[in-house]
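Have a look at the structure below before the remarks.
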Amino acid sequence: MQKVKLPLTVDPVRAAQKKLDYDGIIKAELLERLAESTQSVTRDANVTLSFDLDQRRIAFMRGSADIEVMLTCQRCQEGFKHEYRVEFCYSPLLNPEKADDLPEAYEPADVDENGEINLIQIVEDELILELPQVAMHEEADCKASGNMTFGEIPVADERPNPFAVLKNLSK
């Protein structure tokens with residue numbers, strides 16, 4: 001099956017009624033916020049999406065995405081490739097007052113004035129959330145991993161207490 005560019009927006013209710021499935025890509029240049037959070041996005045995101053209705057007739061979108069980005073190692077300050085995958089499940093939030101009524105398994109997805117959700121934004125949000133908080137190479141691959149020391153801190157020179165003079169004044 002050939003991968004195609006995903007639509008920018010989709011009507012999730014109509015797509016769920018038709019039980020649509022998408023297997024496509026999101027071009028790396030469209031993931032601007034992800035690129036700002038990393039050194040660079042090195043390849044397009046592979047995305048699969050499935051729209052359906054659950055037993056309560058609630059429309060939902062289940063999906064996954066994988067991507068490769070360049071990150072800066074926080075130990076040695078050199079770039080390294082990081083490939084990762086995210087999975088998500090959203091339901092369109094047609095009425096903001098009913099957000100608490102959604103099942104816990106679904107994240108609410110805001111719809112625009114046309115009743116559509118922005119697929120690029122949702123996938124990009126998930127990819128940003130899954131970035132490591134502290135980006136580091138594997139310890140075996142990192143040049144700075146041998147420079148770290150653990151254990152006791154050496155004691156500084158023992159100097160007399162500068163306030164010891166004040167003891168004599170109080171007598």
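Each chain of the structure tokens is named A, B, ... in the order shown, its residues numbered from 1; ligands are numbered from 1 in display order.
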
With region 10-20 of chain A as the partner and 9 Å as the cut-off, tabulate the residues of region 64-153 of chain A that qualify, each row holding the nearest pair of atoms and their distance in Å to one decimal, using only C-alpha atoms, sorted by chain and rising number, as CSV.
```
residue,atom,partner,partner_atom,distance
A:Ser91,CA,A:Pro12,CA,7.9
A:Pro92,CA,A:Pro12,CA,6.6
A:Val111,CA,A:Asp11,CA,8.5
A:Asn114,CA,A:Asp11,CA,8.0
A:Gly115,CA,A:Asp11,CA,6.0
A:Glu116,CA,A:Asp11,CA,4.2
A:Ile117,CA,A:Val10,CA,5.6
A:Asn118,CA,A:Val10,CA,6.9
A:Leu119,CA,A:Val10,CA,7.1
```

Discussion item. Applying 12 Å and only C-alpha atoms, which residues near Ala65 (chain A) remain after dropping the ones on its own chain fewer than 2 positions away? List them as an NGL selection string.
Written reply: :A and (22-26 or 44-49 or 62-63 or 67-68 or 83-89 or 119-120 or 122-128 or 130)

Worksheet entry | strand (DSSP E) call set, DSSP backbone run, region 4-88 of chain A, as an NGL selection string | :A and (4-5 or 9-10 or 21-26 or 40-41 or 45-53 or 59-72 or 79-88)

Fill in: Near-Val69 (chain A) list (10 Å; only C-alpha atoms; drop same-chain fewer than 4 positions) as a PyMOL selection string
chain A and resi 28+34-35+37-45+79-84+131

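The two atoms in question, CA of Arg33 (chain A) and CA of Ser64 (chain A), are spaced 18.5 Å apart.
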
Worksheet item: Hey, can you check how far CA of Glu138 (chain A) sits from CA of Gln77 (chain A)?
Response: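 Atom-to-atom, CA of Glu138 (chain A) and CA of Gln77 (chain A) are spaced 13.3 Å apart.
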
Worksheet item: Which residue gives the smallest distance to His137 (chain A) among A:Gln55, A:Thr9, A:Thr72, A:Asn95, with only C-alpha atoms counted?
Response: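 Closest to His137 (chain A), using only C-alpha atoms: A:Thr72.
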